[in-house]
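Structure file protein12.cif with mmCIF, C-alpha atoms and all ligand atoms:
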data_data
loop_
_atom_site.label_atom_id
_atom_site.label_comp_id
_atom_site.auth_asym_id
_atom_site.auth_seq_id
_atom_site.Cartn_x
_atom_site.Cartn_y
_atom_site.Cartn_z
CA MET A 1 -2.50 20.26 6.87
CA SER A 2 -2.64 17.23 4.63
CA VAL A 3 0.54 15.17 4.42
CA ILE A 4 0.20 14.46 0.69
CA SER A 5 -2.34 15.90 -1.70
CA LEU A 6 -3.03 15.06 -5.32
CA ASN A 7 -4.77 17.67 -7.44
CA HIS A 8 -6.22 16.74 -10.84
CA VAL A 9 -3.58 14.08 -11.39
CA ALA A 10 -3.62 12.27 -14.76
CA MET A 11 -1.19 9.73 -16.12
CA GLU A 12 -0.82 8.55 -19.69
CA PHE A 13 1.58 5.93 -20.95
CA PRO A 14 2.58 5.44 -24.58
CA SER A 15 0.72 2.34 -25.83
CA LEU A 16 2.80 -0.76 -26.44
CA GLU A 17 1.94 -0.67 -30.17
CA GLY A 18 3.48 2.79 -30.36
CA ILE A 19 0.21 4.34 -31.55
CA GLY A 20 -1.71 6.56 -29.15
CA SER A 21 -1.55 6.25 -25.39
CA VAL A 22 -3.06 4.49 -22.39
CA ARG A 23 -4.74 6.79 -19.90
CA ALA A 24 -4.13 5.03 -16.59
CA LEU A 25 -5.29 7.82 -14.24
CA ASP A 26 -7.74 10.62 -14.87
CA ASP A 27 -8.46 13.63 -12.66
CA VAL A 28 -7.47 12.01 -9.37
CA ASN A 29 -7.99 14.27 -6.35
CA LEU A 30 -6.96 12.84 -3.02
CA GLU A 31 -5.64 14.01 0.33
CA PHE A 32 -3.87 12.04 3.02
CA HIS A 33 -4.06 13.27 6.60
CA GLU A 34 -2.14 12.38 9.74
CA ASN A 35 -2.68 8.85 11.01
CA GLU A 36 -5.03 7.80 8.23
CA PHE A 37 -5.17 4.27 6.80
CA VAL A 38 -6.30 4.87 3.24
CA VAL A 39 -7.12 1.82 1.13
CA ALA A 40 -7.50 1.91 -2.66
CA LEU A 41 -9.74 -0.78 -4.09
CA GLY A 42 -10.31 -1.48 -7.74
CA ALA A 43 -10.21 -4.09 -10.49
CA SER A 44 -6.95 -5.22 -12.01
CA GLY A 45 -5.62 -2.64 -14.50
CA CYS A 46 -7.56 0.31 -13.04
CA GLY A 47 -4.40 2.26 -12.19
CA LYS A 48 -3.79 1.42 -8.52
CA THR A 49 -0.07 0.74 -8.93
CA THR A 50 0.29 3.81 -11.14
CA LEU A 51 -1.32 5.88 -8.39
CA LEU A 52 1.07 4.47 -5.80
CA ASN A 53 4.03 5.09 -8.10
CA VAL A 54 3.18 8.76 -8.58
CA ILE A 55 2.77 9.22 -4.80
CA ALA A 56 6.09 7.44 -4.22
CA GLY A 57 7.71 9.74 -6.79
CA PHE A 58 8.73 6.86 -9.07
CA LEU A 59 6.57 8.35 -11.87
CA SER A 60 5.73 11.97 -12.67
CA PRO A 61 2.13 12.51 -13.66
CA THR A 62 1.33 13.73 -17.16
CA SER A 63 -0.71 16.54 -15.65
CA GLY A 64 -1.83 17.74 -12.25
CA GLU A 65 0.26 18.17 -9.12
CA ILE A 66 1.29 16.18 -6.06
CA LEU A 67 2.16 18.14 -2.98
CA ASN A 68 4.04 16.83 0.03
CA LYS A 69 3.33 19.10 3.02
CA GLY A 70 2.60 21.83 0.52
CA LEU A 71 5.71 21.33 -1.66
CA PRO A 72 5.74 19.64 -5.07
CA VAL A 73 6.92 15.99 -5.07
CA ALA A 74 10.04 15.87 -7.24
CA GLY A 75 10.93 12.16 -6.80
CA PRO A 76 11.20 9.40 -4.21
CA GLY A 77 12.01 10.45 -0.65
CA ARG A 78 12.77 8.94 2.74
CA ASP A 79 9.49 10.29 4.04
CA ARG A 80 7.64 7.70 1.89
CA GLY A 81 8.50 4.01 2.42
CA VAL A 82 7.28 1.37 -0.04
CA VAL A 83 6.29 -2.26 0.59
CA PHE A 84 5.92 -4.15 -2.70
CA GLN A 85 3.63 -7.05 -3.57
CA LYS A 86 6.64 -9.27 -4.06
CA HIS A 87 8.95 -8.64 -1.17
CA ALA A 88 11.92 -7.33 -3.26
CA LEU A 89 14.41 -8.34 -0.55
CA LEU A 90 18.09 -8.91 -1.37
CA PRO A 91 18.68 -12.68 -1.37
CA TRP A 92 22.38 -12.45 -0.49
CA LEU A 93 21.64 -10.58 2.76
CA ASN A 94 20.05 -12.09 5.86
CA VAL A 95 16.93 -10.74 7.60
CA VAL A 96 18.55 -8.05 9.75
CA GLU A 97 20.93 -6.96 6.96
CA ASN A 98 17.95 -6.53 4.62
CA THR A 99 16.08 -4.60 7.29
CA GLU A 100 18.92 -2.12 7.88
CA PHE A 101 19.83 -1.81 4.18
CA GLY A 102 18.13 1.56 3.60
CA LEU A 103 19.96 3.07 6.59
CA LYS A 104 23.25 1.68 5.29
CA LEU A 105 22.66 3.50 2.00
CA GLN A 106 22.02 6.66 4.02
CA GLY A 107 25.38 6.25 5.76
CA VAL A 108 23.93 5.62 9.24
CA ALA A 109 26.54 4.13 11.62
CA SER A 110 26.40 0.33 11.98
CA ASP A 111 25.43 0.25 15.70
CA GLU A 112 22.57 2.65 15.21
CA ARG A 113 21.22 0.99 12.10
CA ARG A 114 21.38 -2.45 13.71
CA ALA A 115 19.49 -1.16 16.77
CA ARG A 116 16.80 0.45 14.62
CA ALA A 117 16.46 -2.65 12.43
CA ARG A 118 16.11 -4.86 15.52
CA ALA A 119 13.43 -2.64 17.02
CA ASN A 120 11.38 -2.93 13.82
CA LEU A 121 11.94 -6.68 13.48
CA SER A 122 10.57 -6.97 16.99
CA LEU A 123 7.53 -4.90 15.97
CA VAL A 124 6.74 -7.37 13.18
CA GLY A 125 7.46 -10.42 15.38
CA LEU A 126 10.71 -11.51 13.72
CA SER A 127 13.26 -10.99 16.50
CA ASP A 128 14.16 -14.66 16.52
CA PHE A 129 14.87 -14.74 12.79
CA GLU A 130 17.37 -11.94 12.29
CA ARG A 131 20.17 -14.23 11.07
CA TYR A 132 17.96 -16.27 8.73
CA PRO A 133 18.56 -16.17 4.98
CA ILE A 134 15.55 -14.83 3.08
CA TYR A 135 14.90 -18.09 1.21
CA GLN A 136 14.24 -19.92 4.49
CA LEU A 137 11.31 -17.66 5.36
CA SER A 138 7.65 -18.21 4.44
CA GLY A 139 5.92 -15.69 2.15
CA GLY A 140 4.25 -13.98 5.12
CA MET A 141 7.57 -13.66 6.96
CA GLN A 142 9.23 -12.21 3.85
CA GLN A 143 6.50 -9.57 3.70
CA ARG A 144 7.08 -8.82 7.38
CA VAL A 145 10.77 -8.22 6.61
CA GLY A 146 9.68 -5.89 3.77
CA LEU A 147 7.51 -4.01 6.24
CA ALA A 148 10.30 -3.83 8.87
CA ARG A 149 12.70 -2.58 6.20
CA ALA A 150 10.35 0.21 5.17
CA LEU A 151 9.70 1.16 8.82
CA THR A 152 13.40 1.22 9.69
CA CYS A 153 13.91 4.35 7.57
CA ASP A 154 11.17 5.95 9.72
CA PRO A 155 9.02 7.36 6.88
CA ASP A 156 5.97 9.53 7.56
CA MET A 157 4.00 7.46 5.10
CA LEU A 158 3.93 3.77 4.18
CA LEU A 159 2.89 2.85 0.65
CA MET A 160 1.85 -0.79 0.23
CA ASP A 161 1.02 -2.27 -3.17
CA GLU A 162 -1.09 -5.40 -2.63
CA PRO A 163 1.38 -6.63 -0.01
CA LEU A 164 -0.81 -9.59 0.93
CA GLY A 165 -1.90 -10.59 -2.57
CA ALA A 166 0.38 -13.62 -2.84
CA LEU A 167 -0.39 -15.11 0.59
CA ASP A 168 -2.71 -17.97 1.54
CA ALA A 169 -6.00 -16.99 3.17
CA PHE A 170 -4.96 -17.86 6.73
CA THR A 171 -1.62 -15.99 6.59
CA ARG A 172 -3.36 -13.09 4.88
CA GLU A 173 -5.81 -12.63 7.75
CA ASN A 174 -3.00 -12.76 10.29
CA MET A 175 -1.01 -10.22 8.30
CA GLN A 176 -3.98 -7.85 8.14
CA GLU A 177 -4.06 -7.87 11.93
CA LEU A 178 -0.30 -7.44 12.21
CA ILE A 179 -0.27 -4.47 9.81
CA LEU A 180 -3.11 -2.80 11.71
CA ASP A 181 -1.23 -3.35 14.95
CA VAL A 182 1.97 -1.85 13.48
CA TRP A 183 -0.01 1.10 12.11
CA ARG A 184 -1.58 1.78 15.50
CA LYS A 185 1.79 1.64 17.27
CA THR A 186 3.77 3.69 14.72
CA GLN A 187 1.09 6.26 13.76
CA LYS A 188 2.20 6.29 10.13
CA VAL A 189 0.00 7.47 7.31
CA VAL A 190 -0.73 4.35 5.26
CA PHE A 191 -1.72 3.99 1.61
CA PHE A 192 -2.65 0.36 1.03
CA ILE A 193 -3.76 -1.20 -2.25
CA THR A 194 -5.85 -4.32 -2.51
CA HIS A 195 -8.43 -5.92 -4.75
CA SER A 196 -10.02 -7.75 -1.82
CA VAL A 197 -13.22 -5.99 -0.71
CA GLU A 198 -13.15 -7.69 2.69
CA GLU A 199 -9.54 -6.68 3.32
CA ALA A 200 -10.26 -3.09 2.26
CA LEU A 201 -13.28 -2.74 4.54
CA PHE A 202 -11.58 -4.34 7.49
CA MET A 203 -8.42 -2.25 7.39
CA ALA A 204 -9.35 1.19 6.05
CA THR A 205 -10.16 4.34 7.95
CA ARG A 206 -10.89 5.71 4.49
CA LEU A 207 -11.69 3.60 1.47
CA ILE A 208 -11.38 4.89 -2.08
CA VAL A 209 -12.97 2.91 -4.88
CA MET A 210 -11.50 3.32 -8.35
CA SER A 211 -13.22 2.89 -11.72
CA PRO A 212 -11.78 0.71 -14.50
CA ARG A 213 -9.36 2.50 -16.84
CA PRO A 214 -8.95 5.39 -16.90
CA GLY A 215 -8.66 5.12 -13.12
CA ARG A 216 -10.73 7.69 -11.28
CA ILE A 217 -11.90 7.80 -7.70
CA THR A 218 -15.62 7.16 -7.90
CA HIS A 219 -16.49 6.60 -4.23
CA GLN A 220 -14.97 7.38 -0.85
CA TYR A 221 -16.06 6.03 2.54
CA GLU A 222 -14.99 6.84 6.10
CA LEU A 223 -14.85 3.52 7.95
CA SER A 224 -14.25 2.29 11.49
CA PHE A 225 -14.28 -1.50 11.31
CA CYS A 226 -10.60 -1.55 12.32
CA ASP A 227 -11.51 0.31 15.55
CA ARG A 228 -13.95 -2.46 16.38
CA PHE A 229 -11.16 -4.94 15.85
CA PHE A 230 -8.91 -2.97 18.23
CA GLU A 231 -11.70 -2.96 20.82
CA THR A 232 -12.50 -6.67 20.64
CA GLY A 233 -9.37 -8.26 19.16
CA ASP A 234 -11.70 -10.53 17.21
CA ALA A 235 -11.35 -9.99 13.46
CA ARG A 236 -13.81 -12.71 12.46
CA SER A 237 -16.60 -11.23 14.54
CA VAL A 238 -16.03 -7.84 12.85
CA LYS A 239 -15.99 -9.41 9.37
CA SER A 240 -19.14 -11.45 10.00
CA SER A 241 -21.16 -8.58 11.54
CA SER A 242 -24.29 -7.47 9.71
CA GLU A 243 -22.93 -3.94 9.07
CA PHE A 244 -19.78 -5.34 7.55
CA ILE A 245 -21.66 -7.73 5.26
CA LYS A 246 -24.06 -4.98 4.18
CA MET A 247 -21.16 -2.69 3.32
CA ARG A 248 -19.33 -5.51 1.54
CA GLU A 249 -22.33 -6.16 -0.70
CA GLU A 250 -22.71 -2.44 -1.43
CA ILE A 251 -19.09 -2.15 -2.55
CA LEU A 252 -19.29 -5.36 -4.57
CA SER A 253 -22.34 -4.10 -6.41
CA ILE A 254 -20.46 -0.88 -7.25
CA ILE A 255 -17.45 -2.78 -8.52
CA TYR A 256 -19.46 -5.30 -10.54
CA GLY A 257 -21.69 -2.49 -11.83
CA GLU A 258 -18.65 -0.72 -13.24
CA GLU A 259 -16.64 -3.74 -14.21
CA VAL A 260 -15.97 -3.85 -17.92
CA GLY A 261 -13.11 -6.30 -17.73
CA GLU A 262 -9.55 -5.70 -18.78
CA GLN A 263 -9.49 -4.54 -22.37
CA PRO A 264 -6.69 -3.56 -24.66
CA PRO A 265 -6.28 0.23 -24.97
N1 LIG A 301 4.88 1.65 -17.86
C1 LIG A 301 3.72 1.46 -18.51
N2 LIG A 301 3.64 1.56 -19.86
C2 LIG A 301 2.47 1.39 -20.52
N3 LIG A 301 1.29 1.10 -19.90
C3 LIG A 301 1.32 0.98 -18.56
C4 LIG A 301 2.52 1.12 -17.79
N4 LIG A 301 2.22 0.95 -16.47
C5 LIG A 301 0.89 0.67 -16.43
N5 LIG A 301 0.35 0.69 -17.67
C6 LIG A 301 -1.05 0.48 -18.01
O1 LIG A 301 -1.82 1.35 -17.18
C7 LIG A 301 -3.00 0.70 -16.71
C8 LIG A 301 -3.01 0.70 -15.20
O2 LIG A 301 -1.99 -0.17 -14.73
P1 LIG A 301 -1.70 -0.42 -13.18
O3 LIG A 301 -1.51 0.90 -12.52
O4 LIG A 301 -0.59 -1.39 -13.07
O5 LIG A 301 -3.08 -1.07 -12.68
P2 LIG A 301 -3.43 -1.92 -11.36
O6 LIG A 301 -2.30 -1.79 -10.40
O7 LIG A 301 -4.72 -1.35 -10.86
O8 LIG A 301 -3.63 -3.35 -11.82
C9 LIG A 301 -2.99 -0.70 -17.33
O9 LIG A 301 -3.77 -0.66 -18.51
C10 LIG A 301 -1.53 -0.93 -17.65
O10 LIG A 301 -1.39 -1.79 -18.76
MG MG A 302 -1.09 -3.20 -9.48
#
Translate the structure described by the file into structure tokens.
Amino acid sequence: MSVISLNHVAMEFPSLEGIGSVRALDDVNLEFHENEFVVALGASGCGKTTLLNVIAGFLSPTSGEILNKGLPVAGPGRDRGVVFQKHALLPWLNVVENTEFGLKLQGVASDERRARARANLSLVGLSDFERYPIYQLSGGMQQRVGLARALTCDPDMLLMDEPLGALDAFTRENMQELILDVWRKTQKVVFFITHSVEEALFMATRLIVMSPRPGRITHQYELSFCDRFFETGDARSVKSSSEFIKMREEILSIIYGEEVGEQPP
């Protein structure tokens, strides 16, 4: 059975001028299965964040349905953990306190939540930084805390909205590898948003390409470049292979073919 399924989902927002509406998503049909790494790729403004927000339960779609293991999604839930583009950590708490924060809200006893937070900080390579204040961490480390925090609540699904968008190229590549490693070890279902074609191809087991507004899924691909990375441990050789470059150019030509630029509604 699919973990989450979206059937004919549409989302309209009232326009900022107060006249008419903005159709951000249109007839989106999508299923997430166990252990999939689904990447959504599309131009800025095509509805990627809106799509993530309806899956997370932060927004209810204007029409269509979202089912979670067969039951309608009524709002956010512990089974879906979110990692935001900007880390959204609490600046007055240190690394381990931020990581265990969700469990604290759930009323989990302090020993247990500390142990679970530490296990996940170890998974993202931050065991030595648990007492650090957030402002002393680099952008990549802050995103790793965001990831550890989401994992600590042990969701079935991780939702990541351009989590690497603000990082420099070198850190970004390292983070791609780290996230794939965490995914392989934790077996979560991942929904990952990016506007980087290379990142999408490298990480996805399934890639969905979205059209400019109203956002629809126009193409889907089953991919296995991440498996090649797991086999060889060499990301650059995967990304520079002829199959990867051919696929990259195919996706780019789709995106540029559809690109109409961001326009007012
Ligand atoms: N709360 C909102 N109110 C009005 N319009 C919105 C709102 N959220 C998003 N939009 C509009 O919906 C469209 C899709 O936005 P978004 O999902 O953020 O795109 P993306 O994440 O792909 O850049 C954009 O035109 C955006 O201006
Ligand atoms: Mg967005």
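Counting only C-alpha atoms and all ligand atoms and comparing A:Met160, A:Leu147, A:Ile19, A:Leu178, the residue that lies closest to ligand MG 302 (chain A) is A:Met160.
For ligand LIG 301 (chain A), the neighbouring polymer residues at 6 Å or closer are Phe13, Pro14, Ser15, Ala24, Ser44, Gly45, Cys46, Gly47, Lys48, Thr49 and Thr50 of chain A, all atoms listed in the file being used.
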- Separation of CA of Glu173 (chain A) from CA of Glu31 (chain A), in Å and rounded to one decimal: 27.7 Å
- Message: So, with only C-alpha atoms and all ligand atoms as the atoms that count, which of A:Gln136, A:Ser21, A:Gln142, A:Thr194 lies closest to ligand MG 302 (chain A)?
- Response: A:Thr194
- Query: If you count all atoms listed in the file, which residues fall within 7 Å of region 100-103 of chain A, apart from same-chain ones fewer than 5 positions away, as a count of residues only?
  - Reply: 7
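CA of Ala56 (chain A) is found 20.9 Å from CA of Ala43 (chain A).
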- Hey, which of A:Val54, A:Ile193, A:Leu158, A:Met141 ends up closest to ligand MG 302 (chain A)? Count only C-alpha atoms and all ligand atoms. A:Ile193
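Between CA of His33 (chain A) and CA of Ile255 (chain A) there is a distance of 25.8 Å.
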- Task: Write out as an MDAnalysis selection string the residues lying within 12 Å of Gln176 (chain A), counting all atoms listed in the file and excluding same-chain residues fewer than 3 positions away.
- Result: chainID A and resid 124 140 143:144 162:165 167 169:173 179:183 192 194 196 198:204 226 229 235:236
- Counting only C-alpha atoms, what is within 9 Å of Phe32 (chain A), bar same-chain residues fewer than 2 positions away, as a PyMOL selection string? chain A and resi 2-6+30+34-38+189-191
- Closest of A:Tyr135, A:Met157, A:Val96, A:Arg213 to Glu12 (chain A), counting only C-alpha atoms, is A:Arg213
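Among the candidates A:Pro212, A:Gly107, A:Gly57, A:Gly64, the one nearest to Gly81 (chain A) when counting all atoms listed in the file is A:Gly57.
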